[in-house]
Every structure is written in structure tokens, then in C-alpha cells.
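Data block for run_8.pdb (PDB, C-alpha atoms (C1' of nucleotides)):
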ATOM      1  CA  MET A  79     -73.532  35.622-124.020
ATOM      2  CA  PRO A  80     -74.217  32.953-126.558
ATOM      3  CA  GLU A  81     -75.824  34.246-129.723
ATOM      4  CA  LEU A  82     -76.338  32.355-132.966
ATOM      5  CA  PRO A  83     -72.628  31.852-133.821
ATOM      6  CA  GLU A  84     -71.745  30.732-130.300
ATOM      7  CA  VAL A  85     -74.677  28.299-130.208
ATOM      8  CA  GLU A  86     -73.740  26.981-133.637
ATOM      9  CA  THR A  87     -70.193  26.442-132.368
ATOM     10  CA  PHE A  88     -71.515  24.403-129.447
ATOM     11  CA  VAL A  89     -73.615  22.321-131.825
ATOM     12  CA  ARG A  90     -70.649  21.507-134.015
ATOM     13  CA  ARG A  91     -68.418  20.664-131.082
ATOM     14  CA  LEU A  92     -70.998  18.428-129.447
ATOM     15  CA  ARG A  93     -71.859  16.312-132.477
ATOM     16  CA  ALA A  94     -68.789  14.088-132.349
ATOM     17  CA  PRO A  95     -68.999  13.187-128.658
ATOM     18  CA  LEU A  96     -72.790  12.991-128.418
ATOM     19  CA  VAL A  97     -74.447  11.722-131.582
ATOM     20  CA  GLY A  98     -75.086   8.012-131.226
ATOM     21  CA  ARG A  99     -74.808   8.085-127.438
ATOM     22  CA  THR A 100     -77.601   6.956-125.183
ATOM     23  CA  ILE A 101     -78.539   8.991-122.121
ATOM     24  CA  THR A 102     -78.599   6.626-119.167
ATOM     25  CA  GLY A 103     -79.893   9.173-116.720
ATOM     26  CA  VAL A 104     -79.850  12.776-115.617
ATOM     27  CA  THR A 105     -78.895  14.513-112.382
ATOM     28  CA  LEU A 106     -80.870  17.659-111.649
ATOM     29  CA  GLN A 107     -78.891  19.676-109.125
ATOM     30  CA  TRP A 108     -81.201  22.606-109.639
ATOM     31  CA  PRO A 109     -84.557  21.290-110.898
ATOM     32  CA  ARG A 110     -85.778  24.704-112.016
ATOM     33  CA  HIS A 111     -83.402  24.324-114.957
ATOM     34  CA  VAL A 112     -86.101  22.135-116.462
ATOM     35  CA  ALA A 113     -88.751  24.187-118.214
ATOM     36  CA  THR A 114     -90.891  21.281-119.338
ATOM     37  CA  PRO A 115     -92.156  18.754-118.419
ATOM     38  CA  SER A 116     -91.900  18.484-114.641
ATOM     39  CA  PRO A 117     -88.376  17.654-113.441
ATOM     40  CA  ARG A 118     -89.622  14.230-112.372
ATOM     41  CA  GLN A 119     -91.190  13.488-115.755
ATOM     42  CA  PHE A 120     -88.132  14.906-117.497
ATOM     43  CA  ALA A 121     -85.769  12.578-115.642
ATOM     44  CA  ARG A 122     -87.999   9.579-116.294
ATOM     45  CA  GLN A 123     -88.540  10.304-119.977
ATOM     46  CA  ILE A 124     -84.947  11.185-120.887
ATOM     47  CA  ARG A 125     -83.547   7.921-119.547
ATOM     48  CA  GLY A 126     -82.656   5.442-122.293
ATOM     49  CA  ARG A 127     -83.056   7.963-125.132
ATOM     50  CA  ARG A 128     -80.480   7.892-127.897
ATOM     51  CA  ILE A 129     -79.185  11.132-129.436
ATOM     52  CA  GLU A 130     -79.777  10.866-133.182
ATOM     53  CA  SER A 131     -78.710  14.330-134.316
ATOM     54  CA  ILE A 132     -77.961  17.807-133.057
ATOM     55  CA  GLY A 133     -79.110  21.023-134.701
ATOM     56  CA  ARG A 134     -79.947  24.631-133.926
ATOM     57  CA  ARG A 135     -82.902  26.966-134.220
ATOM     58  CA  GLY A 136     -82.167  30.576-133.333
ATOM     59  CA  LYS A 137     -80.292  30.404-130.047
ATOM     60  CA  TYR A 138     -81.734  27.008-129.114
ATOM     61  CA  LEU A 139     -79.738  23.788-129.356
ATOM     62  CA  VAL A 140     -81.983  21.027-130.669
ATOM     63  CA  PHE A 141     -81.177  17.403-129.814
ATOM     64  CA  CYS A 142     -83.268  14.918-131.778
ATOM     65  CA  LEU A 143     -83.746  11.778-129.712
ATOM     66  CA  ASP A 144     -85.137   8.370-130.671
ATOM     67  CA  GLY A 145     -88.225   9.537-128.828
ATOM     68  CA  GLY A 146     -88.886  13.243-128.464
ATOM     69  CA  VAL A 147     -86.667  16.286-128.727
ATOM     70  CA  LEU A 148     -84.405  17.872-126.131
ATOM     71  CA  LEU A 149     -83.875  21.629-126.435
ATOM     72  CA  ILE A 150     -81.426  23.766-124.502
ATOM     73  CA  HIS A 151     -81.328  27.538-124.269
ATOM     74  CA  LEU A 152     -78.087  28.942-122.816
ATOM     75  CA  LYS A 153     -79.466  32.425-122.144
ATOM     76  CA  MET A 154     -76.794  34.581-120.501
ATOM     77  CA  SER A 155     -74.253  32.288-118.939
ATOM     78  CA  GLY A 156     -74.916  28.743-120.107
ATOM     79  CA  ASP A 157     -71.995  26.484-120.950
ATOM     80  CA  LEU A 158     -71.945  22.934-122.287
ATOM     81  CA  ALA A 159     -69.199  20.355-121.978
ATOM     82  CA  VAL A 160     -68.633  16.628-122.228
ATOM     83  CA  ALA A 161     -66.269  15.130-119.677
ATOM     84  CA  ALA A 162     -65.391  11.804-118.125
ATOM     85  CA  ALA A 163     -67.650  10.894-115.237
ATOM     86  CA  GLY A 164     -65.732  11.253-112.017
ATOM     87  CA  THR A 165     -63.879  14.377-113.032
ATOM     88  CA  THR A 166     -64.897  17.347-110.937
ATOM     89  CA  PRO A 167     -67.764  19.269-112.513
ATOM     90  CA  ASP A 168     -67.702  23.002-112.004
ATOM     91  CA  LYS A 169     -69.890  24.248-109.199
ATOM     92  CA  HIS A 170     -72.549  25.543-111.564
ATOM     93  CA  ALA A 171     -73.153  22.275-113.447
ATOM     94  CA  HIS A 172     -76.812  22.235-112.510
ATOM     95  CA  THR A 173     -77.946  19.680-115.067
ATOM     96  CA  VAL A 174     -75.816  16.631-115.885
ATOM     97  CA  PHE A 175     -76.713  13.972-118.453
ATOM     98  CA  HIS A 176     -75.048  10.601-117.938
ATOM     99  CA  LEU A 177     -73.995   8.789-121.092
ATOM    100  CA  ASP A 178     -73.581   5.133-122.005
ATOM    101  CA  ASP A 179     -69.855   5.557-122.677
ATOM    102  CA  GLY A 180     -69.082   6.555-119.108
ATOM    103  CA  ARG A 181     -68.982  10.249-119.845
ATOM    104  CA  GLU A 182     -71.182  13.128-118.799
ATOM    105  CA  PHE A 183     -72.804  15.942-120.744
ATOM    106  CA  ARG A 184     -72.851  18.935-118.404
ATOM    107  CA  PHE A 185     -74.968  22.068-118.606
ATOM    108  CA  SER A 186     -73.326  24.703-116.416
ATOM    109  CA  ASP A 187     -75.108  27.965-115.860
ATOM    110  CA  THR A 188     -73.878  30.390-113.216
ATOM    111  CA  ARG A 189     -76.776  32.780-113.572
ATOM    112  CA  LYS A 190     -79.432  30.086-113.896
ATOM    113  CA  PHE A 191     -81.306  31.819-116.708
ATOM    114  CA  GLY A 192     -80.879  28.866-119.069
ATOM    115  CA  ARG A 193     -83.507  26.179-119.541
ATOM    116  CA  VAL A 194     -83.902  22.630-120.869
ATOM    117  CA  TYR A 195     -87.030  21.371-122.595
ATOM    118  CA  LEU A 196     -88.180  17.868-123.479
ATOM    119  CA  VAL A 197     -91.011  17.851-125.985
ATOM    120  CA  SER A 198     -92.307  15.698-128.807
ATOM    121  CA  ARG A 199     -91.902  18.376-131.466
ATOM    122  CA  PRO A 200     -89.355  21.235-131.487
ATOM    123  CA  GLU A 201     -91.973  23.728-132.677
ATOM    124  CA  GLU A 202     -93.607  23.521-129.278
ATOM    125  CA  VAL A 203     -90.633  25.543-128.055
ATOM    126  CA  THR A 204     -89.353  27.354-131.144
ATOM    127  CA  GLY A 205     -92.681  28.045-132.809
ATOM    128  CA  HIS A 206     -92.642  31.738-131.958
ATOM    129  CA  LEU A 207     -89.258  32.399-133.586
ATOM    130  CA  GLY A 208     -88.794  34.524-136.686
ATOM    131  CA  PRO A 209     -86.861  33.405-139.773
ATOM    132  CA  GLU A 210     -83.446  31.809-139.593
ATOM    133  CA  PRO A 211     -81.014  34.495-140.865
ATOM    134  CA  LEU A 212     -78.654  32.118-142.673
ATOM    135  CA  ASP A 213     -81.440  30.103-144.239
ATOM    136  CA  GLY A 214     -81.841  30.227-148.012
ATOM    137  CA  ALA A 215     -85.440  31.321-147.578
ATOM    138  CA  PHE A 216     -84.334  34.476-145.789
ATOM    139  CA  THR A 217     -83.763  36.818-148.712
ATOM    140  CA  ALA A 218     -83.009  40.528-148.781
ATOM    141  CA  ARG A 219     -86.504  41.026-150.048
ATOM    142  CA  ALA A 220     -87.987  39.011-147.195
ATOM    143  CA  LEU A 221     -86.111  41.176-144.706
ATOM    144  CA  GLY A 222     -87.196  44.351-146.482
ATOM    145  CA  GLU A 223     -90.827  43.312-146.285
ATOM    146  CA  ARG A 224     -90.597  42.456-142.619
ATOM    147  CA  LEU A 225     -88.904  45.789-141.875
ATOM    148  CA  ALA A 226     -91.544  47.727-143.755
ATOM    149  CA  ALA A 227     -94.315  45.905-141.914
ATOM    150  CA  ARG A 228     -93.159  47.370-138.608
ATOM    151  CA  SER A 229     -92.397  50.808-137.343
ATOM    152  CA  ARG A 230     -89.720  50.268-134.755
ATOM    153  CA  ALA A 231     -86.117  51.266-134.229
ATOM    154  CA  LEU A 232     -83.768  48.841-135.973
ATOM    155  CA  LYS A 233     -81.838  47.798-132.886
ATOM    156  CA  PRO A 234     -84.709  46.456-130.763
ATOM    157  CA  LEU A 235     -86.197  44.880-133.865
ATOM    158  CA  LEU A 236     -83.027  42.920-134.581
ATOM    159  CA  LEU A 237     -83.026  41.705-130.990
ATOM    160  CA  ASP A 238     -86.663  40.624-131.212
ATOM    161  CA  GLN A 239     -86.475  36.857-131.718
ATOM    162  CA  THR A 240     -89.930  36.767-133.265
ATOM    163  CA  PHE A 241     -88.701  39.189-135.929
ATOM    164  CA  LEU A 242     -85.433  37.381-136.635
ATOM    165  CA  ALA A 243     -83.988  34.406-134.775
ATOM    166  CA  GLY A 244     -80.505  34.259-133.314
ATOM    167  CA  VAL A 245     -79.214  37.839-133.348
ATOM    168  CA  GLY A 246     -78.173  39.252-129.960
ATOM    169  CA  ASN A 247     -76.619  42.447-128.727
ATOM    170  CA  ILE A 248     -73.119  41.961-130.141
ATOM    171  CA  TYR A 249     -74.028  40.892-133.646
ATOM    172  CA  ALA A 250     -76.834  43.454-133.871
ATOM    173  CA  ASP A 251     -74.414  46.312-133.207
ATOM    174  CA  GLU A 252     -71.834  44.857-135.578
ATOM    175  CA  ALA A 253     -74.359  44.346-138.375
ATOM    176  CA  LEU A 254     -75.757  47.866-138.062
ATOM    177  CA  HIS A 255     -72.282  49.342-138.254
ATOM    178  CA  LEU A 256     -71.380  47.240-141.262
ATOM    179  CA  ALA A 257     -74.600  48.347-142.936
ATOM    180  CA  GLY A 258     -74.015  51.995-142.032
ATOM    181  CA  LEU A 259     -77.398  52.283-140.335
ATOM    182  CA  HIS A 260     -78.215  54.112-137.114
ATOM    183  CA  PRO A 261     -79.611  51.830-134.378
ATOM    184  CA  LEU A 262     -82.557  54.184-133.845
ATOM    185  CA  ARG A 263     -83.486  54.380-137.493
ATOM    186  CA  LYS A 264     -87.151  53.423-137.952
ATOM    187  CA  SER A 265     -87.569  50.141-139.779
ATOM    188  CA  ASP A 266     -90.151  51.453-142.234
ATOM    189  CA  THR A 267     -87.949  54.308-143.465
ATOM    190  CA  LEU A 268     -85.320  52.121-145.107
ATOM    191  CA  THR A 269     -84.873  52.145-148.852
ATOM    192  CA  ALA A 270     -84.681  48.804-150.655
ATOM    193  CA  GLU A 271     -80.967  49.357-151.026
ATOM    194  CA  GLU A 272     -80.520  49.966-147.288
ATOM    195  CA  ALA A 273     -82.553  46.892-146.426
ATOM    196  CA  ARG A 274     -80.355  44.889-148.739
ATOM    197  CA  ARG A 275     -77.235  46.292-147.071
ATOM    198  CA  LEU A 276     -78.597  45.316-143.669
ATOM    199  CA  TRP A 277     -79.431  41.839-144.930
ATOM    200  CA  ARG A 278     -75.952  41.361-146.261
ATOM    201  CA  ALA A 279     -74.389  42.752-143.076
ATOM    202  CA  ILE A 280     -76.399  40.465-140.804
ATOM    203  CA  ARG A 281     -75.439  37.390-142.791
ATOM    204  CA  ARG A 282     -71.833  38.458-143.052
ATOM    205  CA  VAL A 283     -71.299  39.036-139.322
ATOM    206  CA  LEU A 284     -73.074  35.816-138.393
ATOM    207  CA  ARG A 285     -71.087  33.767-140.903
ATOM    208  CA  ARG A 286     -67.857  35.357-139.777
ATOM    209  CA  GLY A 287     -68.824  34.705-136.168
ATOM    210  CA  ILE A 288     -69.335  31.021-136.904
ATOM    211  CA  GLN A 289     -66.037  30.896-138.805
ATOM    212  CA  LEU A 290     -64.252  32.265-135.749
ATOM    213  CA  ASN A 291     -66.141  29.981-133.329
ATOM    214  CA  GLY A 292     -68.040  32.872-131.842
ATOM    215  CA  ALA A 293     -66.949  35.669-129.558
ATOM    216  CA  SER A 294     -65.443  35.202-126.104
ATOM    217  CA  ILE A 295     -66.453  38.109-123.914
ATOM    218  CA  ASP A 296     -65.330  38.429-120.302
ATOM    219  CA  TRP A 297     -65.312  35.230-118.348
ATOM    220  CA  MET A 298     -68.262  33.750-120.222
ATOM    221  CA  TYR A 299     -67.914  31.527-123.242
ATOM    222  CA  ARG A 300     -64.401  30.628-124.242
ATOM    223  CA  GLY A 301     -62.713  29.438-127.380
ATOM    224  CA  GLY A 302     -63.944  31.900-129.973
ATOM    225  CA  SER A 303     -62.042  34.775-131.533
ATOM    226  CA  PHE A 304     -64.718  36.996-133.084
ATOM    227  CA  GLN A 305     -64.131  39.463-130.247
ATOM    228  CA  GLU A 306     -60.815  40.302-131.879
ATOM    229  CA  ILE A 307     -62.491  41.771-134.933
ATOM    230  CA  LEU A 308     -65.327  43.630-133.238
ATOM    231  CA  ARG A 309     -65.829  46.999-134.902
ATOM    232  CA  VAL A 310     -68.051  48.772-132.396
ATOM    233  CA  TYR A 311     -69.281  46.447-129.654
ATOM    234  CA  ASP A 312     -67.687  47.325-126.305
ATOM    235  CA  ARG A 313     -65.461  49.873-128.033
ATOM    236  CA  ALA A 314     -66.977  53.129-126.803
ATOM    237  CA  GLY A 315     -64.505  55.986-127.213
ATOM    238  CA  GLU A 316     -62.238  54.019-129.511
ATOM    239  CA  PRO A 317     -61.847  55.118-133.128
ATOM    240  CA  CYS A 318     -64.239  53.735-135.709
ATOM    241  CA  PRO A 319     -62.305  51.247-137.870
ATOM    242  CA  THR A 320     -63.838  52.826-140.953
ATOM    243  CA  CYS A 321     -63.584  56.579-140.366
ATOM    244  CA  GLY A 322     -61.750  57.113-137.078
ATOM    245  CA  ALA A 323     -64.552  58.970-135.324
ATOM    246  CA  PRO A 324     -64.980  57.903-131.686
ATOM    247  CA  ILE A 325     -67.476  55.082-131.177
ATOM    248  CA  ARG A 326     -70.436  56.144-129.079
ATOM    249  CA  ARG A 327     -72.411  54.113-126.578
ATOM    250  CA  ILE A 328     -76.066  54.814-125.920
ATOM    251  CA  LEU A 329     -78.934  52.962-124.279
ATOM    252  CA  VAL A 330     -81.638  51.637-126.566
ATOM    253  CA  GLY A 331     -84.473  49.833-124.855
ATOM    254  CA  GLN A 332     -82.258  49.292-121.799
ATOM    255  CA  ARG A 333     -79.568  47.661-123.923
ATOM    256  CA  GLY A 334     -76.058  48.956-124.376
ATOM    257  CA  THR A 335     -75.756  50.026-128.007
ATOM    258  CA  HIS A 336     -72.536  50.932-129.800
ATOM    259  CA  PHE A 337     -72.281  52.803-133.079
ATOM    260  CA  CYS A 338     -70.252  55.265-135.104
ATOM    261  CA  PRO A 339     -72.005  58.632-135.310
ATOM    262  CA  ARG A 340     -70.326  59.395-138.616
ATOM    263  CA  CYS A 341     -70.744  56.088-140.462
ATOM    264  CA  GLN A 342     -74.216  55.520-139.036
ATOM    265  CA  PRO A 343     -75.999  58.865-139.349
ATOM    266  CA  ALA A 344     -79.371  59.292-137.686
ATOM    267  CA  ARG A 345     -81.003  60.167-140.942
ATOM    268  CA  ARG A 346     -80.241  59.182-144.451
ATOM    269  CA  LYS A 347     -77.678  61.348-146.150
ATOM    270  CA  ARG A 348     -79.194  63.523-148.769
ATOM    271  CA  ILE A 349     -77.605  62.579-152.035
ATOM    272  CA  ARG A 350     -78.887  65.473-154.152
ATOM    273  CA  PRO A 351     -80.696  68.620-153.072
TER     274      PRO A 351
ATOM    275  C1'  DT B 186     -70.355  48.483 -98.224
ATOM    276  C1'  DA B 187     -74.051  48.819-100.699
ATOM    277  C1'  DA B 188     -75.692  49.899-105.119
ATOM    278  C1'  DA B 189     -75.405  49.589-110.045
ATOM    279  C1'  DA B 190     -74.394  47.259-114.299
ATOM    280  C1'  DT B 191     -74.380  43.311-117.132
ATOM    281  C1'  DG B 192     -77.615  40.913-121.023
ATOM    282  C1'  DT B 193     -81.860  37.092-122.922
ATOM    283  C1'  DT B 194     -86.459  36.313-122.700
ATOM    284  C1'  DG B 195     -91.152  36.576-121.169
ATOM    285  C1'  DG B 196     -94.744  38.806-118.793
ATOM    286  C1'  DG B 197     -97.236  42.716-117.549
ATOM    287  C1'  DT B 198     -98.904  47.504-118.138
ATOM    288  C1'  DA B 199     -99.865  51.760-120.480
TER     289       DA B 199
ATOM    290  C1'  DA C 149     -98.493  47.731-132.502
ATOM    291  C1'  DT C 150     -95.224  49.770-129.589
ATOM    292  C1'  DA C 151     -92.793  51.555-125.364
ATOM    293  C1'  DC C 152     -91.644  50.892-120.922
ATOM    294  C1'  DC C 153     -90.549  48.458-116.418
ATOM    295  C1'  DC C 154     -89.741  44.206-113.954
ATOM    296  C1'  DA C 155     -88.279  39.561-112.855
ATOM    297  C1'  DA C 156     -85.411  35.559-113.285
ATOM    298  C1'  DC C 157     -79.828  35.300-111.380
ATOM    299  C1'  DA C 158     -74.544  35.511-110.100
ATOM    300  C1'  DT C 159     -70.752  38.067-110.523
ATOM    301  C1'  DT C 160     -68.095  42.148-111.354
ATOM    302  C1'  DT C 161     -67.552  47.069-111.222
ATOM    303  C1'  DT C 162     -68.425  51.571-109.218
TER     304       DT C 162
END
Once you've parsed the file, please lay out its structure as C-alpha cells.
Amino acid sequence: MPELPEVETFVRRLRAPLVGRTITGVTLQWPRHVATPSPRQFARQIRGRRIESIGRRGKYLVFCLDGGVLLIHLKMSGDLAVAAAGTTPDKHAHTVFHLDDGREFRFSDTRKFGRVYLVSRPEEVTGHLGPEPLDGAFTARALGERLAARSRALKPLLLDQTFLAGVGNIYADEALHLAGLHPLRKSDTLTAEEARRLWRAIRRVLRRGIQLNGASIDWMYRGGSFQEILRVYDRAGEPCPTCGAPIRRILVGQRGTHFCPRCQPARRKRIRP
DNA sequence: TAAAATGTTGGGTA
DNA sequence: ATACCCAACATTTT
């Protein structure tokens, strides 16, 4: 399930084979993959466009073209690969971009939740997103202010892309554990020090995730190794790496949530009576 | 075997 | 503003 570090890994891997290439055409095996414009318009407009640069905003890949911008969201099961034309694409390669060097850029997506967008400005698609967690402008203070402005449990807030862009289920659980904060803790009850700890934890897990090329969970997404250092995610019943207490799994807003009941107490520990 | 679980986002309702 | 359910899907687990 690609989150920010996995998407960033795709971006970095795709730059070498794609930047400078011209898209000679696209094959839409499953036209509903195209969110905008119409599949017909998409195919017509993408032809002949040169890929100038590749970036990321939240969980979106952003391809700057010599006319317009192509965005891809991988959602649950999206996978991207560049291969020689003629080699057998996997059966879920629903959208295939043909390149001027005889290769193909394939968007495979078994569950078909992913989408591609072709727009003139990236903000048309990413405009609703919250701040970029690794951006210099995202300070501990900025996070603290945003937390205080809402009154929601931390976990769903971290998953809310309009609150903060790029964090998904895995990194949210990992960050909360690192920060020693309970997933159900209300956002407006955090002290400045706790907000700062959360800020640092979020940035640390995301940076580490990128360093390790993301996490490879199950049969989706391969190549990363962050899964080897997971502290709580998918480790229900196993001992907490910090204190040894068994990791617990609960449901928060229909999402599996993993935490250590000892390191992440429901309420702040009273320091002095 | 059929039902439930998985997990991102957006839309709808209360 | 927030909480909840559903829908979009394929595949795996119960």
C-alpha cells in the first residue's frame, strides 16, 4: 500500500528511465483508470508529450510534461514499471504509456483503485492536500497549531490527507508509537512538547522509510525493507520493542490500528500529583 | 463455499 | 466540525 516513502521510491526509480523521454502513445486496457479528462481526450493529449521532470505531492506522482501535467495515484495496489515493449506485461497492466526509446511505462493495478490525471496545473488535483511533512515549511509549531485547531483522535487525523499529506496506515502507527502517543488521544489535548515529539516522529519514520525504499507488505509493492524495522504495524501480540508489553490491535475509524498500551497510554502520565 | 478482511479516498448522511 | 457507513475492486484468509 504505497504511502509517501513508497511513492517517493517510485519517483526516484523512474527518473532515470523516463525523464527526457517522449510519450508516443498510450494503451488504455481499462479506460476507467483515467480520472480526467475523458479517456479519448487523455489519449489524444498525452501523445507527443515529453517528460521534463518527475516529482511527488503527498501520495501522488507528478510528471511535468512539455504541455500539461500527468499525475498518478497508486491507491491500494498500484505498481509502476518500465520495460521493453514486447515483453509480456502482467495481466493487470491497465494503462501502458509507449515511449520513444521502444520501451513502455506500465501502470499495473490489480484492484483498480488507482487513477491517472492529465491537467494543466497540478493543483487541480492536489489542491486539497495538507502540508508536505518533509517540507521545510512544516515545523513542529505548524503541526501543533493544526492539531490544536481540531478535536479529533490522532490516528484518523494523521490519515486525513487534507490535514497532512502522504501518511498512511503503516507510518501513522509507527509515528504514534515512536512519539509515545495513544492513537485515540484527542488532537487538542497535546502539550507543545508532545506535539513536537509527534512532529519529530512523523519526519523520522518517513525519512527512514525513504532510506529503506519503503515497506514491502504481502504481495504488494516489492523492493523496500522498512517492513523489517516495523515496531508495531502488523505485530499484534508481539512484544513492544521498547518495553516488551504485547502490541495491541484495535479498530479506529474502520482502520486496523496497532499500538503499545504501555508506551502509548490513553491519557498523559501525571508527572507530579 | 460463502463470507469477511484488507486499506485509500471520496461521497453521503446524521 | 466530526462520526459513521458505503462504494470503488481483486485477492487472500477464515
Requested in this report: Select all residues near (-90.7, 44.1, -115.4) (cut-off 12 Å, inclusive, file coordinates), counting all atoms listed in the file, and output them as a PyMOL selection string.
Outcome: (chain A and resi 332) or (chain B and resi 194-198) or (chain C and resi 152-156)
**Report entry** Atomic separation - CA of Pro115 in chain A relative to CA of Gly205 in chain A, Å
**Finding:** 17.1 Å
Report task. With a distance cut-off of 12 Å and all atoms listed in the file, select the neighbouring residues of DT150 in chain C, excluding the residue or stretch itself and same-chain residues fewer than 6 positions from it, and output the selection as an NGL selection string. Result -> (:A and (228-231 or 234-235 or 331)) or (:B and (199))
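Every protein or nucleic acid residue with an atom no more than 10 Å from Pro343 in chain A, counting all atoms listed in the file and leaving out same-chain residues fewer than 4 positions away, appears here: A:Gly258, A:Leu259, A:His260, A:Pro261, A:Leu262, A:Arg263, A:Phe337, A:Cys338, A:Pro339, A:Lys347.
Matched in the shown structure by the PyMOL selection byres ((chain A) within 8 of (chain C)): Thr188, Arg189, Lys190, Phe191 and Arg230 of chain A.
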**Report entry** Residues matched by the PyMOL selection byres ((chain B) within 10 of (chain A)), written as number ranges by chain
**Finding:** B: 191-194
Requested in this report: Take CA of His206 in chain A and CA of Val283 in chain A and report the distance between them in Å, one decimal.
Outcome: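 CA of Val283 in chain A lies at a distance of 23.7 Å from CA of His206 in chain A.
CA of Val245 in chain A is positioned 10.9 Å from CA of Pro209 in chain A.
Take the PyMOL selection byres ((chain A and resi 319-323) around 12) and apply it to this file: it picks Glu252, His255, Leu256, Ala257, Gly258, Ile307, Leu308, Arg309, Val310, Tyr311, Arg313, Ala314, Gly315, Glu316, Pro317, Cys318, Pro324, Ile325, Arg326, Phe337, Cys338, Pro339, Arg340, Cys341 and Gln342 of chain A.
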What does the file look like for those residues with C-alpha atoms, as an mmCIF file, keeping the file's coordinate frame?
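The resulting file, out-v3.cif, is shown below:
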data_model
loop_
_atom_site.group_PDB
_atom_site.id
_atom_site.type_symbol
_atom_site.label_atom_id
_atom_site.label_comp_id
_atom_site.auth_asym_id
_atom_site.auth_seq_id
_atom_site.Cartn_x
_atom_site.Cartn_y
_atom_site.Cartn_z
ATOM 1 C CA GLU A 252 -71.834 44.857 -135.578
ATOM 2 C CA HIS A 255 -72.282 49.342 -138.254
ATOM 3 C CA LEU A 256 -71.380 47.240 -141.262
ATOM 4 C CA ALA A 257 -74.600 48.347 -142.936
ATOM 5 C CA GLY A 258 -74.015 51.995 -142.032
ATOM 6 C CA ILE A 307 -62.491 41.771 -134.933
ATOM 7 C CA LEU A 308 -65.327 43.630 -133.238
ATOM 8 C CA ARG A 309 -65.829 46.999 -134.902
ATOM 9 C CA VAL A 310 -68.051 48.772 -132.396
ATOM 10 C CA TYR A 311 -69.281 46.447 -129.654
ATOM 11 C CA ARG A 313 -65.461 49.873 -128.033
ATOM 12 C CA ALA A 314 -66.977 53.129 -126.803
ATOM 13 C CA GLY A 315 -64.505 55.986 -127.213
ATOM 14 C CA GLU A 316 -62.238 54.019 -129.511
ATOM 15 C CA PRO A 317 -61.847 55.118 -133.128
ATOM 16 C CA CYS A 318 -64.239 53.735 -135.709
ATOM 17 C CA PRO A 324 -64.980 57.903 -131.686
ATOM 18 C CA ILE A 325 -67.476 55.082 -131.177
ATOM 19 C CA ARG A 326 -70.436 56.144 -129.079
ATOM 20 C CA PHE A 337 -72.281 52.803 -133.079
ATOM 21 C CA CYS A 338 -70.252 55.265 -135.104
ATOM 22 C CA PRO A 339 -72.005 58.632 -135.310
ATOM 23 C CA ARG A 340 -70.326 59.395 -138.616
ATOM 24 C CA CYS A 341 -70.744 56.088 -140.462
ATOM 25 C CA GLN A 342 -74.216 55.520 -139.036
#
